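*Asks:* If it helps, the file is called work.pdb and holds PDB, C-alpha atoms and all ligand atoms:
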MODEL        1
ATOM      1  CA  MET A   1       1.090  -7.083  11.273  1.00  0.00           C
ATOM      2  CA  THR A   2      -2.109  -9.067  10.909  1.00  0.00           C
ATOM      3  CA  PRO A   3      -1.343 -12.670   9.924  1.00  0.00           C
ATOM      4  CA  PRO A   4      -1.854 -13.184   6.184  1.00  0.00           C
ATOM      5  CA  LEU A   5      -5.064 -14.864   5.057  1.00  0.00           C
ATOM      6  CA  MET A   6      -3.062 -17.268   2.913  1.00  0.00           C
ATOM      7  CA  PRO A   7       0.217 -18.776   4.035  1.00  0.00           C
ATOM      8  CA  TYR A   8       2.476 -17.222   1.461  1.00  0.00           C
ATOM      9  CA  VAL A   9       6.109 -18.198   1.596  1.00  0.00           C
ATOM     10  CA  ARG A  10       8.057 -15.042   2.280  1.00  0.00           C
ATOM     11  CA  LEU A  11      11.685 -14.577   1.459  1.00  0.00           C
ATOM     12  CA  SER A  12      14.046 -14.972   4.401  1.00  0.00           C
ATOM     13  CA  ALA A  13      15.538 -11.796   5.871  1.00  0.00           C
ATOM     14  CA  THR A  14      18.750 -12.416   3.964  1.00  0.00           C
ATOM     15  CA  GLU A  15      16.932 -13.117   0.689  1.00  0.00           C
ATOM     16  CA  GLN A  16      14.800 -10.004   1.182  1.00  0.00           C
ATOM     17  CA  THR A  17      17.887  -7.857   1.661  1.00  0.00           C
ATOM     18  CA  THR A  18      19.470  -9.394  -1.428  1.00  0.00           C
ATOM     19  CA  LEU A  19      16.310  -8.743  -3.487  1.00  0.00           C
ATOM     20  CA  LEU A  20      15.907  -5.123  -2.396  1.00  0.00           C
ATOM     21  CA  ASP A  21      19.596  -4.239  -2.630  1.00  0.00           C
ATOM     22  CA  GLY A  22      19.635  -5.951  -6.022  1.00  0.00           C
ATOM     23  CA  ILE A  23      16.856  -3.685  -7.282  1.00  0.00           C
ATOM     24  CA  VAL A  24      18.803  -0.597  -6.150  1.00  0.00           C
ATOM     25  CA  ALA A  25      21.918  -1.956  -7.876  1.00  0.00           C
ATOM     26  CA  ARG A  26      19.973  -2.653 -11.074  1.00  0.00           C
ATOM     27  CA  ALA A  27      18.605   0.894 -11.041  1.00  0.00           C
ATOM     28  CA  ARG A  28      22.146   2.210 -10.802  1.00  0.00           C
ATOM     29  CA  ALA A  29      23.392  -0.104 -13.563  1.00  0.00           C
ATOM     30  CA  VAL A  30      20.573   0.806 -15.970  1.00  0.00           C
ATOM     31  CA  ARG A  31      21.136   4.495 -15.281  1.00  0.00           C
ATOM     32  CA  GLU A  32      24.892   4.228 -15.810  1.00  0.00           C
ATOM     33  CA  LYS A  33      24.231   2.686 -19.225  1.00  0.00           C
ATOM     34  CA  GLY A  34      22.092   5.684 -20.143  1.00  0.00           C
ATOM     35  CA  GLY A  35      18.743   4.005 -19.489  1.00  0.00           C
ATOM     36  CA  SER A  36      15.755   5.216 -17.475  1.00  0.00           C
ATOM     37  CA  PRO A  37      14.977   2.699 -14.727  1.00  0.00           C
ATOM     38  CA  VAL A  38      11.515   2.841 -13.131  1.00  0.00           C
ATOM     39  CA  VAL A  39      10.306   1.336  -9.863  1.00  0.00           C
ATOM     40  CA  VAL A  40       6.535   1.113  -9.401  1.00  0.00           C
ATOM     41  CA  PHE A  41       5.024   1.310  -5.922  1.00  0.00           C
ATOM     42  CA  ASP A  42       1.468   0.814  -4.767  1.00  0.00           C
ATOM     43  CA  LEU A  43       0.712   2.800  -1.607  1.00  0.00           C
ATOM     44  CA  ASP A  44      -1.989   1.262   0.625  1.00  0.00           C
ATOM     45  CA  GLY A  45      -0.698  -1.907   2.253  1.00  0.00           C
ATOM     46  CA  THR A  46       2.546  -1.600   0.290  1.00  0.00           C
ATOM     47  CA  LEU A  47       4.594   1.489   1.151  1.00  0.00           C
ATOM     48  CA  MET A  48       2.061   2.557   3.751  1.00  0.00           C
ATOM     49  CA  ASP A  49       0.064   0.964   6.535  1.00  0.00           C
ATOM     50  CA  ASN A  50      -3.445   2.421   6.369  1.00  0.00           C
ATOM     51  CA  ARG A  51      -4.792   0.541   9.365  1.00  0.00           C
ATOM     52  CA  PRO A  52      -4.117   3.526  11.676  1.00  0.00           C
ATOM     53  CA  ARG A  53      -6.435   5.537   9.368  1.00  0.00           C
ATOM     54  CA  THR A  54      -9.226   3.059  10.013  1.00  0.00           C
ATOM     55  CA  ILE A  55      -8.550   3.077  13.759  1.00  0.00           C
ATOM     56  CA  ARG A  56      -8.673   6.856  13.887  1.00  0.00           C
ATOM     57  CA  ILE A  57     -12.051   6.804  12.116  1.00  0.00           C
ATOM     58  CA  LEU A  58     -13.416   4.126  14.467  1.00  0.00           C
ATOM     59  CA  HIS A  59     -12.314   6.173  17.459  1.00  0.00           C
ATOM     60  CA  GLU A  60     -14.104   9.189  15.982  1.00  0.00           C
ATOM     61  CA  LEU A  61     -17.182   6.999  15.576  1.00  0.00           C
ATOM     62  CA  ALA A  62     -16.850   5.950  19.205  1.00  0.00           C
ATOM     63  CA  HIS A  63     -17.077   9.620  20.142  1.00  0.00           C
ATOM     64  CA  THR A  64     -20.107  10.141  17.886  1.00  0.00           C
ATOM     65  CA  TRP A  65     -21.865   7.091  19.337  1.00  0.00           C
ATOM     66  CA  SER A  66     -20.991   7.722  23.004  1.00  0.00           C
ATOM     67  CA  GLU A  67     -24.534   8.676  24.040  1.00  0.00           C
ATOM     68  CA  LYS A  68     -26.736   6.812  21.564  1.00  0.00           C
ATOM     69  CA  TYR A  69     -24.822   3.503  21.496  1.00  0.00           C
ATOM     70  CA  PRO A  70     -22.663   3.498  24.656  1.00  0.00           C
ATOM     71  CA  GLU A  71     -21.778  -0.227  24.521  1.00  0.00           C
ATOM     72  CA  ALA A  72     -20.713  -0.145  20.877  1.00  0.00           C
ATOM     73  CA  SER A  73     -18.885   3.098  21.546  1.00  0.00           C
ATOM     74  CA  ALA A  74     -16.898   1.475  24.348  1.00  0.00           C
ATOM     75  CA  SER A  75     -16.046  -1.442  22.064  1.00  0.00           C
ATOM     76  CA  LEU A  76     -14.843   0.880  19.312  1.00  0.00           C
ATOM     77  CA  ARG A  77     -12.470   2.597  21.711  1.00  0.00           C
ATOM     78  CA  GLU A  78     -10.653  -0.745  22.017  1.00  0.00           C
ATOM     79  CA  ALA A  79      -9.989  -0.938  18.268  1.00  0.00           C
ATOM     80  CA  HIS A  80      -6.296  -1.302  17.512  1.00  0.00           C
ATOM     81  CA  PRO A  81      -4.293  -1.575  14.254  1.00  0.00           C
ATOM     82  CA  ASP A  82      -3.083  -5.086  15.099  1.00  0.00           C
ATOM     83  CA  ARG A  83      -6.681  -6.350  15.171  1.00  0.00           C
ATOM     84  CA  THR A  84      -7.659  -4.583  11.950  1.00  0.00           C
ATOM     85  CA  VAL A  85      -8.265  -6.812   8.942  1.00  0.00           C
ATOM     86  CA  TYR A  86      -9.182  -6.248   5.292  1.00  0.00           C
ATOM     87  CA  ALA A  87     -12.962  -6.206   5.676  1.00  0.00           C
ATOM     88  CA  LEU A  88     -14.332  -3.500   7.969  1.00  0.00           C
ATOM     89  CA  SER A  89     -17.253  -5.722   8.995  1.00  0.00           C
ATOM     90  CA  GLU A  90     -14.782  -8.312  10.308  1.00  0.00           C
ATOM     91  CA  THR A  91     -12.767  -5.658  12.121  1.00  0.00           C
ATOM     92  CA  LEU A  92     -16.005  -4.465  13.752  1.00  0.00           C
ATOM     93  CA  ASP A  93     -16.878  -8.029  14.711  1.00  0.00           C
ATOM     94  CA  ARG A  94     -13.457  -8.459  16.286  1.00  0.00           C
ATOM     95  CA  VAL A  95     -13.954  -5.445  18.555  1.00  0.00           C
ATOM     96  CA  GLY A  96     -17.506  -6.551  19.423  1.00  0.00           C
ATOM     97  CA  VAL A  97     -19.673  -4.252  17.283  1.00  0.00           C
ATOM     98  CA  ARG A  98     -22.378  -6.512  15.878  1.00  0.00           C
ATOM     99  CA  GLY A  99     -25.831  -6.255  14.321  1.00  0.00           C
ATOM    100  CA  ALA A 100     -26.738  -5.292  10.771  1.00  0.00           C
ATOM    101  CA  GLU A 101     -27.941  -1.795  11.662  1.00  0.00           C
ATOM    102  CA  LEU A 102     -24.813  -0.783  13.574  1.00  0.00           C
ATOM    103  CA  ILE A 103     -22.495  -2.317  11.005  1.00  0.00           C
ATOM    104  CA  GLU A 104     -24.232  -0.442   8.183  1.00  0.00           C
ATOM    105  CA  LEU A 105     -24.003   2.836  10.085  1.00  0.00           C
ATOM    106  CA  ALA A 106     -20.345   2.212  10.854  1.00  0.00           C
ATOM    107  CA  GLU A 107     -19.495   1.304   7.267  1.00  0.00           C
ATOM    108  CA  THR A 108     -21.140   4.488   5.987  1.00  0.00           C
ATOM    109  CA  PHE A 109     -19.283   6.595   8.575  1.00  0.00           C
ATOM    110  CA  TRP A 110     -16.007   4.890   7.622  1.00  0.00           C
ATOM    111  CA  LYS A 111     -16.486   5.250   3.835  1.00  0.00           C
ATOM    112  CA  GLU A 112     -17.238   8.951   4.199  1.00  0.00           C
ATOM    113  CA  ARG A 113     -13.817   9.429   5.807  1.00  0.00           C
ATOM    114  CA  PHE A 114     -11.458   6.649   4.697  1.00  0.00           C
ATOM    115  CA  PHE A 115     -11.494   7.639   1.020  1.00  0.00           C
ATOM    116  CA  PHE A 116     -10.836  11.346   1.490  1.00  0.00           C
ATOM    117  CA  ASP A 117      -7.768  13.562   1.893  1.00  0.00           C
ATOM    118  CA  GLU A 118      -8.220  14.598   5.511  1.00  0.00           C
ATOM    119  CA  HIS A 119      -7.629  11.225   7.159  1.00  0.00           C
ATOM    120  CA  LEU A 120      -4.602  10.179   5.076  1.00  0.00           C
ATOM    121  CA  VAL A 121      -2.423  11.966   7.601  1.00  0.00           C
ATOM    122  CA  HIS A 122      -2.863   8.962   9.910  1.00  0.00           C
ATOM    123  CA  ASP A 123      -1.152   6.472   7.583  1.00  0.00           C
ATOM    124  CA  THR A 124       2.303   5.270   8.566  1.00  0.00           C
ATOM    125  CA  ALA A 125       5.260   4.056   6.509  1.00  0.00           C
ATOM    126  CA  LEU A 126       5.955   0.330   6.342  1.00  0.00           C
ATOM    127  CA  ALA A 127       9.260  -0.656   7.938  1.00  0.00           C
ATOM    128  CA  GLY A 128      12.142   0.236   5.653  1.00  0.00           C
ATOM    129  CA  SER A 129       9.931   1.648   2.902  1.00  0.00           C
ATOM    130  CA  VAL A 130      11.125   5.260   3.036  1.00  0.00           C
ATOM    131  CA  SER A 131      14.767   4.230   3.063  1.00  0.00           C
ATOM    132  CA  PHE A 132      14.286   1.826   0.157  1.00  0.00           C
ATOM    133  CA  ALA A 133      12.365   4.363  -1.960  1.00  0.00           C
ATOM    134  CA  LYS A 134      15.062   6.957  -1.303  1.00  0.00           C
ATOM    135  CA  ASP A 135      17.819   4.516  -2.239  1.00  0.00           C
ATOM    136  CA  CYS A 136      16.080   3.630  -5.512  1.00  0.00           C
ATOM    137  CA  HIS A 137      15.640   7.309  -6.321  1.00  0.00           C
ATOM    138  CA  GLU A 138      19.227   8.200  -5.439  1.00  0.00           C
ATOM    139  CA  ALA A 139      20.428   5.314  -7.618  1.00  0.00           C
ATOM    140  CA  GLY A 140      18.708   6.988 -10.564  1.00  0.00           C
ATOM    141  CA  ALA A 141      15.345   5.259 -10.667  1.00  0.00           C
ATOM    142  CA  ARG A 142      12.165   7.122 -11.420  1.00  0.00           C
ATOM    143  CA  LEU A 143       9.603   6.312  -8.726  1.00  0.00           C
ATOM    144  CA  ALA A 144       6.054   5.770  -9.963  1.00  0.00           C
ATOM    145  CA  TYR A 145       3.571   5.761  -7.116  1.00  0.00           C
ATOM    146  CA  VAL A 146       0.568   4.019  -8.685  1.00  0.00           C
ATOM    147  CA  THR A 147      -2.416   3.924  -6.373  1.00  0.00           C
ATOM    148  CA  GLY A 148      -6.054   2.968  -6.439  1.00  0.00           C
ATOM    149  CA  ARG A 149      -6.793   6.164  -4.528  1.00  0.00           C
ATOM    150  CA  ASP A 150      -8.726   8.628  -6.681  1.00  0.00           C
ATOM    151  CA  LEU A 151      -7.626  11.999  -8.000  1.00  0.00           C
ATOM    152  CA  PRO A 152     -10.690  14.085  -7.033  1.00  0.00           C
ATOM    153  CA  ASN A 153     -10.832  13.082  -3.382  1.00  0.00           C
ATOM    154  CA  MET A 154      -7.431  11.755  -2.332  1.00  0.00           C
ATOM    155  CA  SER A 155      -4.637  13.296  -4.413  1.00  0.00           C
ATOM    156  CA  LEU A 156      -3.793  16.275  -2.220  1.00  0.00           C
ATOM    157  CA  GLY A 157      -3.793  14.223   0.975  1.00  0.00           C
ATOM    158  CA  THR A 158      -1.690  11.543  -0.705  1.00  0.00           C
ATOM    159  CA  TRP A 159       0.890  14.057  -1.907  1.00  0.00           C
ATOM    160  CA  LYS A 160       1.077  15.556   1.587  1.00  0.00           C
ATOM    161  CA  SER A 161       1.339  12.130   3.188  1.00  0.00           C
ATOM    162  CA  LEU A 162       4.201  11.060   0.894  1.00  0.00           C
ATOM    163  CA  ARG A 163       6.034  14.301   1.625  1.00  0.00           C
ATOM    164  CA  ASP A 164       5.480  14.203   5.385  1.00  0.00           C
ATOM    165  CA  LEU A 165       6.511  10.548   5.720  1.00  0.00           C
ATOM    166  CA  GLY A 166       9.759  11.318   3.902  1.00  0.00           C
ATOM    167  CA  PHE A 167       9.207   9.608   0.531  1.00  0.00           C
ATOM    168  CA  PRO A 168      10.715  11.327  -2.529  1.00  0.00           C
ATOM    169  CA  ILE A 169       7.908  13.406  -4.098  1.00  0.00           C
ATOM    170  CA  GLY A 170       7.710  16.721  -5.902  1.00  0.00           C
ATOM    171  CA  VAL A 171      11.228  16.308  -7.302  1.00  0.00           C
ATOM    172  CA  VAL A 172      12.605  15.162 -10.654  1.00  0.00           C
ATOM    173  CA  GLY A 173      12.096  11.443 -11.055  1.00  0.00           C
ATOM    174  CA  THR A 174       8.833  10.984  -9.170  1.00  0.00           C
ATOM    175  CA  GLU A 175       5.303  10.399 -10.413  1.00  0.00           C
ATOM    176  CA  LEU A 176       2.054  10.161  -8.482  1.00  0.00           C
ATOM    177  CA  ILE A 177      -0.592   8.373 -10.544  1.00  0.00           C
ATOM    178  CA  LEU A 178      -4.152   7.993  -9.255  1.00  0.00           C
ATOM    179  CA  LYS A 179      -7.492   6.758 -10.561  1.00  0.00           C
ATOM    180  CA  SER A 180      -9.516   9.391 -12.391  1.00  0.00           C
ATOM    181  CA  ASP A 181     -12.675   8.129 -10.735  1.00  0.00           C
ATOM    182  CA  ALA A 182     -13.177   6.259  -7.460  1.00  0.00           C
ATOM    183  CA  ALA A 183     -15.694   3.960  -9.155  1.00  0.00           C
ATOM    184  CA  ILE A 184     -13.032   2.294 -11.330  1.00  0.00           C
ATOM    185  CA  PRO A 185     -12.097  -1.092  -9.808  1.00  0.00           C
ATOM    186  CA  ASP A 186      -8.456  -1.097  -8.647  1.00  0.00           C
ATOM    187  CA  GLU A 187      -7.431  -4.157 -10.652  1.00  0.00           C
ATOM    188  CA  GLU A 188      -8.985  -2.827 -13.867  1.00  0.00           C
ATOM    189  CA  PHE A 189      -7.195   0.473 -13.298  1.00  0.00           C
ATOM    190  CA  LYS A 190      -3.810  -1.221 -12.933  1.00  0.00           C
ATOM    191  CA  ARG A 191      -4.401  -3.678 -15.775  1.00  0.00           C
ATOM    192  CA  LEU A 192      -5.139  -0.838 -18.187  1.00  0.00           C
ATOM    193  CA  LEU A 193      -2.408   1.407 -16.822  1.00  0.00           C
ATOM    194  CA  ALA A 194       0.486  -1.065 -16.601  1.00  0.00           C
ATOM    195  CA  PRO A 195       1.421  -1.129 -20.317  1.00  0.00           C
ATOM    196  CA  LYS A 196       1.361   2.677 -20.431  1.00  0.00           C
ATOM    197  CA  LEU A 197       4.015   2.857 -17.720  1.00  0.00           C
ATOM    198  CA  SER A 198       6.634   1.847 -20.287  1.00  0.00           C
ATOM    199  CA  ALA A 199       6.497   5.455 -21.458  1.00  0.00           C
ATOM    200  CA  LEU A 200       8.304   6.401 -18.237  1.00  0.00           C
ATOM    201  CA  GLY A 201      11.291   4.174 -18.935  1.00  0.00           C
ATOM    202  CA  GLU A 202      12.402   0.614 -18.219  1.00  0.00           C
ATOM    203  CA  ILE A 203      10.309  -0.959 -15.470  1.00  0.00           C
ATOM    204  CA  ILE A 204      12.776  -2.844 -13.258  1.00  0.00           C
ATOM    205  CA  ALA A 205      10.531  -3.636 -10.269  1.00  0.00           C
ATOM    206  CA  SER A 206       6.997  -3.257  -8.950  1.00  0.00           C
ATOM    207  CA  PHE A 207       5.570  -3.671  -5.470  1.00  0.00           C
ATOM    208  CA  ASP A 208       1.937  -4.300  -4.520  1.00  0.00           C
ATOM    209  CA  ASN A 209       0.010  -5.921  -1.677  1.00  0.00           C
ATOM    210  CA  GLU A 210      -2.585  -7.399  -4.028  1.00  0.00           C
ATOM    211  CA  PRO A 211      -1.511 -10.690  -5.640  1.00  0.00           C
ATOM    212  CA  GLY A 212      -3.698  -9.967  -8.675  1.00  0.00           C
ATOM    213  CA  ASN A 213      -1.834  -6.733  -9.343  1.00  0.00           C
ATOM    214  CA  CYS A 214       1.522  -8.477  -8.887  1.00  0.00           C
ATOM    215  CA  ASN A 215       0.468 -11.015 -11.518  1.00  0.00           C
ATOM    216  CA  ILE A 216      -0.521  -8.198 -13.898  1.00  0.00           C
ATOM    217  CA  PHE A 217       2.884  -6.525 -13.563  1.00  0.00           C
ATOM    218  CA  LEU A 218       4.702  -9.836 -13.957  1.00  0.00           C
ATOM    219  CA  LYS A 219       2.786 -10.474 -17.168  1.00  0.00           C
ATOM    220  CA  PHE A 220       3.535  -7.085 -18.686  1.00  0.00           C
ATOM    221  CA  PHE A 221       7.107  -6.821 -17.403  1.00  0.00           C
ATOM    222  CA  PRO A 222       8.536 -10.344 -17.182  1.00  0.00           C
ATOM    223  CA  GLN A 223      12.103  -8.996 -17.009  1.00  0.00           C
ATOM    224  CA  ALA A 224      11.272  -6.937 -13.897  1.00  0.00           C
ATOM    225  CA  LYS A 225      10.902  -8.048 -10.308  1.00  0.00           C
ATOM    226  CA  SER A 226       7.253  -8.269  -9.258  1.00  0.00           C
ATOM    227  CA  VAL A 227       7.078  -8.218  -5.483  1.00  0.00           C
ATOM    228  CA  LEU A 228       4.091  -8.983  -3.264  1.00  0.00           C
ATOM    229  CA  VAL A 229       4.141  -7.089   0.021  1.00  0.00           C
ATOM    230  CA  ASP A 230       2.339  -9.539   2.264  1.00  0.00           C
ATOM    231  CA  THR A 231       0.331  -7.264   4.548  1.00  0.00           C
ATOM    232  CA  GLN A 232      -3.386  -7.363   3.780  1.00  0.00           C
ATOM    233  CA  HIS A 233      -5.140  -8.238   0.556  1.00  0.00           C
ATOM    234  CA  HIS A 234      -8.589  -8.902  -0.836  1.00  0.00           C
ATOM    235  CA  PRO A 235     -10.037 -12.117   0.665  1.00  0.00           C
ATOM    236  CA  ALA A 236     -10.808 -13.476  -2.811  1.00  0.00           C
ATOM    237  CA  ALA A 237      -7.406 -12.601  -4.257  1.00  0.00           C
ATOM    238  CA  PRO A 238      -5.814 -15.062  -6.675  1.00  0.00           C
ATOM    239  CA  LYS A 239      -2.601 -16.813  -5.771  1.00  0.00           C
ATOM    240  CA  PRO A 240       0.564 -15.002  -6.775  1.00  0.00           C
ATOM    241  CA  ASP A 241       2.080 -16.519  -9.904  1.00  0.00           C
ATOM    242  CA  ALA A 242       5.381 -18.335  -9.751  1.00  0.00           C
ATOM    243  CA  GLY A 243       8.011 -15.657 -10.160  1.00  0.00           C
ATOM    244  CA  VAL A 244       6.384 -13.192  -7.769  1.00  0.00           C
ATOM    245  CA  ASP A 245       8.629 -12.648  -4.737  1.00  0.00           C
ATOM    246  CA  VAL A 246       6.957 -12.219  -1.343  1.00  0.00           C
ATOM    247  CA  ILE A 247       8.165  -9.921   1.428  1.00  0.00           C
ATOM    248  CA  GLY A 248       6.563  -8.705   4.649  1.00  0.00           C
ATOM    249  CA  ASP A 249       8.049  -5.214   4.622  1.00  0.00           C
ATOM    250  CA  PHE A 250      11.083  -3.354   3.254  1.00  0.00           C
ATOM    251  CA  SER A 251      13.524  -4.086   6.068  1.00  0.00           C
ATOM    252  CA  ARG A 252      17.081  -4.758   4.999  1.00  0.00           C
ATOM    253  CA  SER A 253      19.516  -6.365   7.383  1.00  0.00           C
ATOM    254  CA  SER A 254      22.419  -4.486   5.829  1.00  0.00           C
ATOM    255  CA  THR A 255      21.045  -1.067   6.644  1.00  0.00           C
ATOM    256  CA  THR A 256      20.193   0.692   9.891  1.00  0.00           C
ATOM    257  CA  LYS A 257      18.122   3.386   8.205  1.00  0.00           C
ATOM    258  CA  ALA A 258      14.422   3.680   9.145  1.00  0.00           C
TER
HETATM  259 MG    MG A 301      -2.617  -1.629  -2.002  1.00  0.00          MG
ENDMDL
END
Could you render the structure as structure tokens?
Ligand SMILES: [Mg+2]
*Replies:*
Amino acid sequence: MTPPLMPYVRLSATEQTTLLDGIVARARAVREKGGSPVVVFDLDGTLMDNRPRTIRILHELAHTWSEKYPEASASLREAHPDRTVYALSETLDRVGVRGAELIELAETFWKERFFFDEHLVHDTALAGSVSFAKDCHEAGARLAYVTGRDLPNMSLGTWKSLRDLGFPIGVVGTELILKSDAAIPDEEFKRLLAPKLSALGEIIASFDNEPGNCNIFLKFFPQAKSVLVDTQHHPAAPKPDAGVDVIGDFSRSSTTKA
């Protein structure tokens, strides 16, 4: 993964396993007492790595530019997920595509593809994420996938992606919740939505790669675990509040499942 922009202190492998297994155990305990446990998951940068989506688009741009901008095209072919960072302009700079005109063209090309159903097929699951989501679901938790992707342009591709990667979806105890409009800022969407999630049951844990969203969930659900998945986040993100646990992925040392 790309090194984090801020040096967050992640849980050790043992602590991470204890945290994640503890959430599964709490789901089971709440369910056995007749409750309705809920685990909330963000998608991009949390359950899923969307950097391969960006790389696919940049490689398509390389093809489009092969005759008109052969040097930039050659640079784009070298783009790789491990050198992909939060801001597209910085990713372009890293592969050697520079100049305001080219960057603007590339950003437009990227936006016209990144935020639409068709390219979601290129996302991959974060290590251990499918197994953990399945374990939560099998323990009796309702899974609420809460994403800043928008309903008009990204819902069908998201549903397909969740299904094809092996996450529980389309069965009892799963919810896919998206923004009604792409123009709504992600943080505003989650801030307004979070209190409404109580209608689903007892929130026992939430996972997000944006520290600001983790702080929102911690504020609304102080009894639940709020977990920052330390992949990529907005460069101007606030610090995670004390009480937010930090993990790099969903690997558990006690399990050999993918
Ligand atoms: Mg995210």
*Asks:* Which residues are close to Val146 in chain A, i.e. within 7 Å by only C-alpha atoms, leaving aside same-chain residues fewer than 4 positions away? Reply as a PyMOL selection string.
*Replies:* chain A and resi 40-42+176-178
*Asks:* Restrict the calculation to only C-alpha atoms and all ligand atoms, then for each residue of chain A with any atom at most 10 Å from an atom of ligand MG 301 (chain A) give the closest atom pair and their distance in Å to one decimal, rows by chain and rising residue number, as a Markdown table.
*Replies:*
| residue | atom | partner | partner_atom | distance |
| --- | --- | --- | --- | --- |
| A:Phe41 | CA | A:MG301 | MG | 9.1 |
| A:Asp42 | CA | A:MG301 | MG | 5.5 |
| A:Leu43 | CA | A:MG301 | MG | 5.6 |
| A:Asp44 | CA | A:MG301 | MG | 4.0 |
| A:Gly45 | CA | A:MG301 | MG | 4.7 |
| A:Thr46 | CA | A:MG301 | MG | 5.6 |
| A:Leu47 | CA | A:MG301 | MG | 8.5 |
| A:Met48 | CA | A:MG301 | MG | 8.5 |
| A:Asp49 | CA | A:MG301 | MG | 9.3 |
| A:Asn50 | CA | A:MG301 | MG | 9.3 |
| A:Val146 | CA | A:MG301 | MG | 9.3 |
| A:Thr147 | CA | A:MG301 | MG | 7.1 |
| A:Gly148 | CA | A:MG301 | MG | 7.3 |
| A:Arg149 | CA | A:MG301 | MG | 9.2 |
| A:Asp186 | CA | A:MG301 | MG | 8.9 |
| A:Phe207 | CA | A:MG301 | MG | 9.1 |
| A:Asp208 | CA | A:MG301 | MG | 5.8 |
| A:Asn209 | CA | A:MG301 | MG | 5.0 |
| A:Glu210 | CA | A:MG301 | MG | 6.1 |
| A:Pro211 | CA | A:MG301 | MG | 9.8 |
| A:Asn213 | CA | A:MG301 | MG | 9.0 |
| A:Val229 | CA | A:MG301 | MG | 8.9 |
| A:Thr231 | CA | A:MG301 | MG | 9.1 |
| A:Gln232 | CA | A:MG301 | MG | 8.2 |
| A:His233 | CA | A:MG301 | MG | 7.5 |
| A:His234 | CA | A:MG301 | MG | 9.5 |
*Asks:* Identify all residues satisfying the PyMOL selection byres (((chain A and resi 220) around 12) and not hetatm) in the given file; provide them as a tab-separated table (two decimals) with C-alpha atoms, keeping the file's coordinate frame.
*Replies:*
chain	number	residue	atom	x	y	z
A	190	LYS	CA	-3.81	-1.22	-12.93
A	191	ARG	CA	-4.40	-3.68	-15.78
A	192	LEU	CA	-5.14	-0.84	-18.19
A	193	LEU	CA	-2.41	1.41	-16.82
A	194	ALA	CA	0.49	-1.06	-16.60
A	195	PRO	CA	1.42	-1.13	-20.32
A	196	LYS	CA	1.36	2.68	-20.43
A	197	LEU	CA	4.01	2.86	-17.72
A	198	SER	CA	6.63	1.85	-20.29
A	202	GLU	CA	12.40	0.61	-18.22
A	203	ILE	CA	10.31	-0.96	-15.47
A	204	ILE	CA	12.78	-2.84	-13.26
A	205	ALA	CA	10.53	-3.64	-10.27
A	206	SER	CA	7.00	-3.26	-8.95
A	213	ASN	CA	-1.83	-6.73	-9.34
A	214	CYS	CA	1.52	-8.48	-8.89
A	215	ASN	CA	0.47	-11.02	-11.52
A	216	ILE	CA	-0.52	-8.20	-13.90
A	217	PHE	CA	2.88	-6.52	-13.56
A	218	LEU	CA	4.70	-9.84	-13.96
A	219	LYS	CA	2.79	-10.47	-17.17
A	221	PHE	CA	7.11	-6.82	-17.40
A	222	PRO	CA	8.54	-10.34	-17.18
A	223	GLN	CA	12.10	-9.00	-17.01
A	224	ALA	CA	11.27	-6.94	-13.90
A	225	LYS	CA	10.90	-8.05	-10.31
A	226	SER	CA	7.25	-8.27	-9.26
*Asks:* Please write the residues picked by the PyMOL selection byres (((chain A and resi 60-70) around 12) and not hetatm) on this file as a PDB file with C-alpha atoms, in the frame of the given file.
*Replies:*
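Dumped everything to result.pdb:
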ATOM      1  CA  ARG A  53      -6.435   5.537   9.368  1.00  0.00           C
ATOM      2  CA  THR A  54      -9.226   3.059  10.013  1.00  0.00           C
ATOM      3  CA  ILE A  55      -8.550   3.077  13.759  1.00  0.00           C
ATOM      4  CA  ARG A  56      -8.673   6.856  13.887  1.00  0.00           C
ATOM      5  CA  ILE A  57     -12.051   6.804  12.116  1.00  0.00           C
ATOM      6  CA  LEU A  58     -13.416   4.126  14.467  1.00  0.00           C
ATOM      7  CA  HIS A  59     -12.314   6.173  17.459  1.00  0.00           C
ATOM      8  CA  GLU A  71     -21.778  -0.227  24.521  1.00  0.00           C
ATOM      9  CA  ALA A  72     -20.713  -0.145  20.877  1.00  0.00           C
ATOM     10  CA  SER A  73     -18.885   3.098  21.546  1.00  0.00           C
ATOM     11  CA  ALA A  74     -16.898   1.475  24.348  1.00  0.00           C
ATOM     12  CA  SER A  75     -16.046  -1.442  22.064  1.00  0.00           C
ATOM     13  CA  LEU A  76     -14.843   0.880  19.312  1.00  0.00           C
ATOM     14  CA  ARG A  77     -12.470   2.597  21.711  1.00  0.00           C
ATOM     15  CA  GLU A  78     -10.653  -0.745  22.017  1.00  0.00           C
ATOM     16  CA  ALA A  79      -9.989  -0.938  18.268  1.00  0.00           C
ATOM     17  CA  LEU A  92     -16.005  -4.465  13.752  1.00  0.00           C
ATOM     18  CA  VAL A  95     -13.954  -5.445  18.555  1.00  0.00           C
ATOM     19  CA  VAL A  97     -19.673  -4.252  17.283  1.00  0.00           C
ATOM     20  CA  ARG A  98     -22.378  -6.512  15.878  1.00  0.00           C
ATOM     21  CA  GLU A 101     -27.941  -1.795  11.662  1.00  0.00           C
ATOM     22  CA  LEU A 102     -24.813  -0.783  13.574  1.00  0.00           C
ATOM     23  CA  ILE A 103     -22.495  -2.317  11.005  1.00  0.00           C
ATOM     24  CA  LEU A 105     -24.003   2.836  10.085  1.00  0.00           C
ATOM     25  CA  ALA A 106     -20.345   2.212  10.854  1.00  0.00           C
ATOM     26  CA  GLU A 107     -19.495   1.304   7.267  1.00  0.00           C
ATOM     27  CA  THR A 108     -21.140   4.488   5.987  1.00  0.00           C
ATOM     28  CA  PHE A 109     -19.283   6.595   8.575  1.00  0.00           C
ATOM     29  CA  TRP A 110     -16.007   4.890   7.622  1.00  0.00           C
ATOM     30  CA  LYS A 111     -16.486   5.250   3.835  1.00  0.00           C
ATOM     31  CA  GLU A 112     -17.238   8.951   4.199  1.00  0.00           C
ATOM     32  CA  ARG A 113     -13.817   9.429   5.807  1.00  0.00           C
ATOM     33  CA  PHE A 114     -11.458   6.649   4.697  1.00  0.00           C
ATOM     34  CA  HIS A 119      -7.629  11.225   7.159  1.00  0.00           C
TER      35      HIS A 119
END
